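Asks: This is the content of final-v1.txt (compact mmCIF, C-alpha atoms):
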# COMPACT_ATOMS: atom_id res chain seq x y z
CA MET A 1 121.86 108.83 93.50
CA GLU A 2 118.76 110.81 92.62
CA ARG A 3 117.10 112.24 95.70
CA ASP A 4 113.80 110.43 94.99
CA TYR A 5 115.62 107.09 94.95
CA ARG A 6 117.84 107.43 98.01
CA ASN A 7 115.78 104.86 99.90
CA VAL A 8 115.25 102.39 97.05
CA GLY A 9 117.59 99.90 98.76
CA TYR A 10 115.26 99.72 101.75
CA ALA A 11 112.27 99.12 99.45
CA LEU A 12 114.17 96.32 97.72
CA LEU A 13 114.55 94.51 101.06
CA ALA A 14 111.02 93.25 100.45
CA LEU A 15 112.33 91.12 97.58
CA PRO A 16 114.47 88.66 99.59
CA VAL A 17 111.67 88.35 102.15
CA ILE A 18 109.19 87.42 99.42
CA MET A 19 111.69 85.00 97.87
CA VAL A 20 112.34 83.20 101.16
CA ILE A 21 108.60 82.89 101.81
CA GLY A 22 107.97 81.64 98.29
CA PHE A 23 110.77 79.07 98.33
CA TRP A 24 110.35 77.99 101.96
CA ILE A 25 108.13 74.95 101.32
CA PRO A 26 109.68 73.67 98.06
CA TYR A 27 113.31 74.34 99.03
CA PHE A 28 114.38 75.78 102.40
CA SER A 29 112.12 73.54 104.50
CA GLN A 30 113.96 70.51 103.10
CA ILE A 31 117.36 71.52 104.47
CA PRO A 32 119.46 69.40 104.98
CA HIS A 33 117.62 66.41 103.44
CA PHE A 34 116.42 67.28 99.95
CA GLU A 35 114.21 65.15 97.73
CA ALA A 36 115.74 63.63 94.60
CA LEU A 37 114.31 66.33 92.32
CA ILE A 38 116.51 68.93 94.05
CA THR A 39 119.65 68.31 92.01
CA PRO A 40 123.06 70.03 92.33
CA ALA A 41 122.04 72.31 89.47
CA VAL A 42 119.02 73.44 91.50
CA HIS A 43 121.28 74.26 94.46
CA ALA A 44 123.65 76.19 92.19
CA HIS A 45 120.71 78.09 90.69
CA ALA A 46 119.45 79.01 94.17
CA ILE A 47 122.89 80.19 95.29
CA VAL A 48 123.50 82.48 92.30
CA GLN A 49 119.94 83.86 92.35
CA PHE A 50 120.09 84.76 96.02
CA GLY A 51 123.59 86.12 95.50
CA TRP A 52 122.17 88.39 92.80
CA ILE A 53 119.33 89.51 95.06
CA ALA A 54 121.81 90.29 97.84
CA LEU A 55 123.78 92.49 95.43
CA LEU A 56 120.60 94.09 94.14
CA VAL A 57 119.70 95.20 97.67
CA ALA A 58 123.23 96.08 98.79
CA GLN A 59 124.25 98.24 95.83
CA PRO A 60 121.84 101.17 96.34
CA LEU A 61 122.49 101.04 100.09
CA LEU A 62 126.22 101.38 99.40
CA ILE A 63 125.57 104.40 97.20
CA ARG A 64 123.39 105.91 99.91
CA GLY A 65 126.29 105.45 102.32
CA ASN A 66 128.74 107.02 99.84
CA ALA A 67 130.64 103.72 99.50
CA PHE A 68 131.19 104.28 95.79
CA ARG A 69 134.37 102.20 95.47
CA MET A 70 132.73 99.17 97.08
CA HIS A 71 129.70 99.66 94.82
CA ARG A 72 131.89 99.55 91.71
CA THR A 73 133.86 96.56 92.99
CA LEU A 74 130.77 94.51 93.74
CA GLY A 75 129.24 95.57 90.44
CA LYS A 76 132.09 93.84 88.62
CA PHE A 77 131.04 90.52 90.16
CA THR A 78 127.87 90.69 88.06
CA TYR A 79 129.98 90.25 84.92
CA ALA A 80 130.53 86.64 86.02
CA LEU A 81 127.24 86.22 87.88
CA MET A 82 124.97 87.14 84.98
CA PRO A 83 126.24 84.41 82.58
CA LEU A 84 125.88 81.89 85.41
CA ILE A 85 122.32 82.99 86.07
CA ALA A 86 121.45 82.72 82.37
CA LEU A 87 123.04 79.27 82.02
CA LEU A 88 121.48 77.86 85.18
CA SER A 89 118.07 79.33 84.32
CA ILE A 90 118.20 77.56 80.95
CA LEU A 91 119.13 74.32 82.74
CA MET A 92 116.15 74.77 85.10
CA MET A 93 113.77 75.31 82.18
CA HIS A 94 115.13 72.20 80.47
CA LYS A 95 114.74 70.24 83.72
CA GLU A 96 111.11 71.33 84.11
CA TYR A 97 110.43 70.54 80.46
CA GLN A 98 111.82 67.02 80.84
CA GLU A 99 109.84 66.46 84.05
CA ASN A 100 106.63 67.54 82.32
CA ILE A 101 107.34 65.20 79.41
CA ALA A 102 107.99 62.34 81.85
CA GLN A 103 104.59 63.02 83.44
CA GLY A 104 102.88 62.63 80.07
CA THR A 105 102.52 66.29 79.07
CA PRO A 106 102.48 66.72 75.25
CA PRO A 107 105.76 68.26 74.05
CA MET A 108 104.14 71.46 72.73
CA HIS A 109 102.28 72.02 76.01
CA ALA A 110 105.46 71.34 77.98
CA LEU A 111 107.27 73.88 75.82
CA LEU A 112 104.55 76.50 76.28
CA ASP A 113 104.75 75.98 80.05
CA GLU A 114 108.21 77.55 79.88
CA PHE A 115 106.98 80.69 78.08
CA LEU A 116 107.00 83.03 81.08
CA SER A 117 110.32 81.72 82.39
CA CYS A 118 111.96 82.08 78.98
CA ILE A 119 110.64 85.57 78.22
CA GLN A 120 111.49 86.87 81.68
CA LEU A 121 115.05 85.54 81.35
CA LEU A 122 115.37 87.41 78.04
CA LEU A 123 114.10 90.60 79.72
CA PHE A 124 116.50 90.04 82.62
CA VAL A 125 119.49 89.86 80.27
CA LEU A 126 118.28 92.81 78.17
CA PHE A 127 117.78 95.11 81.16
CA TYR A 128 121.11 94.07 82.64
CA VAL A 129 122.94 94.91 79.41
CA LEU A 130 121.14 98.27 79.23
CA ALA A 131 121.87 98.98 82.90
CA ILE A 132 125.60 98.34 82.42
CA ALA A 133 125.71 100.32 79.17
CA HIS A 134 124.13 103.36 80.86
CA ALA A 135 126.42 103.02 83.89
CA ARG A 136 129.45 103.11 81.59
CA ARG A 137 128.07 106.29 80.02
CA ARG A 138 127.58 107.78 83.50
CA GLN A 139 123.80 107.89 82.97
CA ILE A 140 123.13 106.83 86.53
CA GLY A 141 119.42 107.60 86.52
CA ALA A 142 118.77 105.18 83.65
CA HIS A 143 121.12 102.60 85.19
CA LEU A 144 119.21 102.71 88.46
CA ARG A 145 115.83 102.41 86.77
CA TYR A 146 116.88 99.37 84.74
CA MET A 147 118.03 97.71 87.96
CA VAL A 148 114.62 98.40 89.49
CA CYS A 149 113.09 96.77 86.42
CA ILE A 150 115.26 93.70 87.06
CA ALA A 151 113.94 93.54 90.62
CA LEU A 152 110.40 93.48 89.23
CA ILE A 153 111.34 90.64 86.87
CA LEU A 154 112.47 88.58 89.86
CA LEU A 155 109.29 89.25 91.85
CA PRO A 156 107.08 86.49 90.35
CA ALA A 157 109.60 83.76 91.20
CA GLY A 158 108.90 84.32 94.88
CA LEU A 159 105.42 85.86 94.93
CA ALA A 160 103.74 83.31 92.63
CA ARG A 161 105.15 80.46 94.71
CA ALA A 162 104.11 82.15 97.95
CA LEU A 163 100.55 82.52 96.66
CA GLY A 164 100.54 78.92 95.47
CA TYR A 165 102.11 77.16 98.44
CA TRP A 166 100.72 79.28 101.28
CA PHE A 167 97.30 80.36 99.92
CA ASP A 168 96.53 77.54 97.46
CA VAL A 169 96.21 79.94 94.52
CA ARG A 170 96.45 78.23 91.13
CA GLN A 171 99.65 79.16 89.33
CA LYS A 172 97.76 80.66 86.38
CA ASN A 173 96.04 83.04 88.76
CA ALA A 174 99.18 83.66 90.81
CA GLN A 175 101.14 84.63 87.69
CA THR A 176 98.25 86.86 86.61
CA VAL A 177 98.44 88.66 89.96
CA CYS A 178 102.20 89.08 89.52
CA LEU A 179 101.86 90.50 86.00
CA ALA A 180 99.13 92.90 87.14
CA LEU A 181 101.25 94.01 90.10
CA ILE A 182 104.32 94.60 87.92
CA ILE A 183 102.31 96.62 85.38
CA ALA A 184 100.66 98.68 88.13
CA THR A 185 104.04 99.33 89.77
CA LEU A 186 105.57 100.46 86.47
CA VAL A 187 102.61 102.79 85.83
CA GLY A 188 103.11 104.26 89.30
CA LEU A 189 106.86 104.70 88.78
CA ILE A 190 106.28 106.40 85.42
CA ALA A 191 103.75 108.76 87.01
CA ARG A 192 106.22 109.54 89.79
CA ASP A 193 109.03 110.32 87.37
CA ARG A 194 106.78 112.46 85.20
CA ARG A 195 105.70 114.42 88.25
CA HIS A 196 109.35 115.08 89.11
CA GLY A 197 110.38 115.84 85.53
CA SER A 198 112.69 112.79 85.29
CA SER A 199 113.21 110.50 82.32
CA PHE A 200 111.13 107.35 82.65
CA ARG A 201 112.24 105.64 79.43
CA PRO A 202 113.44 102.42 81.16
CA TYR A 203 110.08 102.03 82.87
CA GLY A 204 108.30 102.77 79.60
CA LEU A 205 110.25 100.00 77.87
CA ALA A 206 109.49 97.59 80.70
CA LEU A 207 105.80 98.53 80.75
CA GLY A 208 105.42 98.03 77.01
CA SER A 209 107.22 94.69 77.25
CA TYR A 210 104.99 93.43 80.06
CA ILE A 211 101.80 94.51 78.32
CA VAL A 212 102.85 92.54 75.22
CA ILE A 213 103.91 89.57 77.39
CA GLY A 214 100.60 89.58 79.21
CA LEU A 215 98.60 89.69 75.97
CA VAL A 216 100.61 86.90 74.31
CA TRP A 217 100.45 84.79 77.47
CA ALA A 218 96.66 85.20 77.61
CA LEU A 219 96.33 84.28 73.93
CA LEU A 220 98.38 81.13 74.57
CA GLY A 221 95.93 80.15 77.34
CA ARG A 222 98.07 81.33 80.29
CA PRO A 223 100.45 78.31 80.33
CA VAL A 224 102.55 77.81 83.48
For the structure just supplied, provide its representation as structure tokens.
Replies:
Amino acid sequence: MERDYRNVGYALLALPVIMVIGFWIPYFSQIPHFEALITPAVHAHAIVQFGWIALLVAQPLLIRGNAFRMHRTLGKFTYALMPLIALLSILMMHKEYQENIAQGTPPMHALLDEFLSCIQLLLFVLFYVLAIAHARRRQIGAHLRYMVCIALILLPAGLARALGYWFDVRQKNAQTVCLALIIATLVGLIARDRRHGSSFRPYGLALGSYIVIGLVWALLGRPV
């Protein structure tokens, strides 16, 4: 692992904390008696997402501890986990779409409400494929950076909910905060890599993507 990223696993520990805070009221606080809207598919989605986050945190810590064999073994689990995440995420978007329609939301508006979820899922899959491709080519620096980009993609799921449920921030504004934070973080990471003479191409791709996403989302009226 690159010297500048030896402690990235510790930094990523913030992600599960944010996710638990964000999902405490709508999910964890209901254990063991869930409302009817929390279907088995929702439980499955929660399990695979938190399983992914656990791997995301554990993998760089294993590398830091020189547990390379365990890192590779656990990495192979993502080959099955990623398709599950994609499938269950699509099911969750369809569920939300149907719920919005049932509440009287016009179909086009209900579809636009899934814009951020859909585009972030596409980015998730893209960065995962690129991360694995670079790992297979032994380009560990790029692999690591794409995994950091994936962590940033997951951030709004917890942070936007935390802002909404705990601080009564409207979801449009909460998602705006998340997008601004992701863009600012990517700018900072690019500046850091440039200062150390490292390749920042993964962050550049992510930054360009999020700038375009933010502009399109704003033009659509910031649907959530």
Asks: Quote the spacing between CA of Arg222 (chain A) and CA of Thr105 (chain A) in Å to one decimal place.
Replies: 15.7 Å
Asks: Record the distance separating CA of Val212 (chain A) and CA of Leu123 (chain A), expressed in Å with one decimal.
Replies: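 Atom-to-atom, CA of Val212 (chain A) to CA of Leu123 (chain A), that is 12.3 Å.
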Asks: Could you jot down the CA of Phe68 (chain A) to CA of Gln139 (chain A) separation for me, Å, one decimal place?
Replies: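 It comes out at 15.2 Å.
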Asks: Show which residues sit within 12 Å of Lys76 (chain A), as a PDB file with C-alpha atoms, in the coordinates of the input. Count only C-alpha atoms, and ignore same-chain residues fewer than 6 positions away.
Replies:
ATOM      1  CA  LEU A  55     123.780  92.490  95.430  1.00  0.00           C
ATOM      2  CA  GLN A  59     124.250  98.240  95.830  1.00  0.00           C
ATOM      3  CA  ARG A  69     134.370 102.200  95.470  1.00  0.00           C
ATOM      4  CA  MET A  70     132.730  99.170  97.080  1.00  0.00           C
ATOM      5  CA  MET A  82     124.970  87.140  84.980  1.00  0.00           C
ATOM      6  CA  ILE A 132     125.600  98.340  82.420  1.00  0.00           C
ATOM      7  CA  ALA A 135     126.420 103.020  83.890  1.00  0.00           C
ATOM      8  CA  ARG A 136     129.450 103.110  81.590  1.00  0.00           C
TER       9      ARG A 136
END
Asks: Find the residue from A:Glu114, A:Ile150, A:Tyr27, A:Pro106 that sits nearest to Leu15 (chain A); use only C-alpha atoms when measuring.
Replies: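 With only C-alpha atoms as the atom set, the closest residue is A:Ile150.
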Asks: Have a look at A:Arg161, A:Glu96, A:Ser199, A:Ile211 and name the one nearest to Ile140 (chain A); count only C-alpha atoms.
Replies: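 Closest to Ile140 (chain A) of all the choices is A:Ser199.
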Asks: Determine the nearest neighbour of Val42 (chain A) from the options A:Leu13, A:Met19, A:Ile85, A:Met92, counting all atoms listed in the file.
Replies: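 Checking each candidate against Val42 (chain A), we get A:Met92 as the closest.
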Asks: Residues near Arg145 (chain A), anyone? I mean within 9 Å using all atoms listed in the file, not counting same-chain ones fewer than 6 positions away, as an MDAnalysis selection string.
Replies: chainID A and resid 131 200:203
Asks: Smallest atom-to-atom distance to Ala162 (chain A): which of A:Ile119, A:Ile21, A:Thr39, A:Arg64, using all atoms listed in the file?
Replies: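 Of A:Ile119, A:Ile21, A:Thr39, A:Arg64, the one nearest Ala162 (chain A) is A:Ile21, counting all atoms listed in the file.
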Asks: For each of A:Pro26, A:Met93, A:Arg6, A:Leu215, take the minimum atom-to-atom distance to Asn66 (chain A), counting all atoms listed in the file, then give the residue where this is smallest.
Replies: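 Ranked by minimum distance to Asn66 (chain A), first place goes to A:Arg6.
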Asks: Which polymer residues, protein or nucleic acid, are no farther than 12 Å from (104.7, 105.1, 89.2), counting all atoms listed in the file, as an MDAnalysis selection string?
Replies: chainID A and resid 145 148 181:196 198 200 203:204 207
Asks: Kindly export the residues of the current selection with C-alpha atoms, as a PDB file, in the coordinates of the input.
Replies:
ATOM      1  CA  ARG A 145     115.830 102.410  86.770  1.00  0.00           C
ATOM      2  CA  VAL A 148     114.620  98.400  89.490  1.00  0.00           C
ATOM      3  CA  LEU A 181     101.250  94.010  90.100  1.00  0.00           C
ATOM      4  CA  ILE A 182     104.320  94.600  87.920  1.00  0.00           C
ATOM      5  CA  ILE A 183     102.310  96.620  85.380  1.00  0.00           C
ATOM      6  CA  ALA A 184     100.660  98.680  88.130  1.00  0.00           C
ATOM      7  CA  THR A 185     104.040  99.330  89.770  1.00  0.00           C
ATOM      8  CA  LEU A 186     105.570 100.460  86.470  1.00  0.00           C
ATOM      9  CA  VAL A 187     102.610 102.790  85.830  1.00  0.00           C
ATOM     10  CA  GLY A 188     103.110 104.260  89.300  1.00  0.00           C
ATOM     11  CA  LEU A 189     106.860 104.700  88.780  1.00  0.00           C
ATOM     12  CA  ILE A 190     106.280 106.400  85.420  1.00  0.00           C
ATOM     13  CA  ALA A 191     103.750 108.760  87.010  1.00  0.00           C
ATOM     14  CA  ARG A 192     106.220 109.540  89.790  1.00  0.00           C
ATOM     15  CA  ASP A 193     109.030 110.320  87.370  1.00  0.00           C
ATOM     16  CA  ARG A 194     106.780 112.460  85.200  1.00  0.00           C
ATOM     17  CA  ARG A 195     105.700 114.420  88.250  1.00  0.00           C
ATOM     18  CA  HIS A 196     109.350 115.080  89.110  1.00  0.00           C
ATOM     19  CA  SER A 198     112.690 112.790  85.290  1.00  0.00           C
ATOM     20  CA  PHE A 200     111.130 107.350  82.650  1.00  0.00           C
ATOM     21  CA  TYR A 203     110.080 102.030  82.870  1.00  0.00           C
ATOM     22  CA  GLY A 204     108.300 102.770  79.600  1.00  0.00           C
ATOM     23  CA  LEU A 207     105.800  98.530  80.750  1.00  0.00           C
TER      24      LEU A 207
END
Asks: Can you work out which one of A:Leu91, A:Cys118, A:Leu130, A:Val48 has the shortest atom-to-atom distance to Phe77 (chain A), counting all atoms listed in the file?
Replies: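 The answer is A:Val48, which sits nearest to Phe77 (chain A).
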Asks: Set the distance at 8 Å and use only C-alpha atoms: which residues neighbour Leu155 (chain A) once local chain neighbours fewer than 2 positions away are removed? I'd like the list as a CSV table (one decimal) with C-alpha atoms, keeping the file's coordinate frame.
Replies:
chain,number,residue,atom,x,y,z
A,15,LEU,CA,112.3,91.1,97.6
A,18,ILE,CA,109.2,87.4,99.4
A,19,MET,CA,111.7,85.0,97.9
A,151,ALA,CA,113.9,93.5,90.6
A,152,LEU,CA,110.4,93.5,89.2
A,153,ILE,CA,111.3,90.6,86.9
A,157,ALA,CA,109.6,83.8,91.2
A,158,GLY,CA,108.9,84.3,94.9
A,159,LEU,CA,105.4,85.9,94.9
A,178,CYS,CA,102.2,89.1,89.5
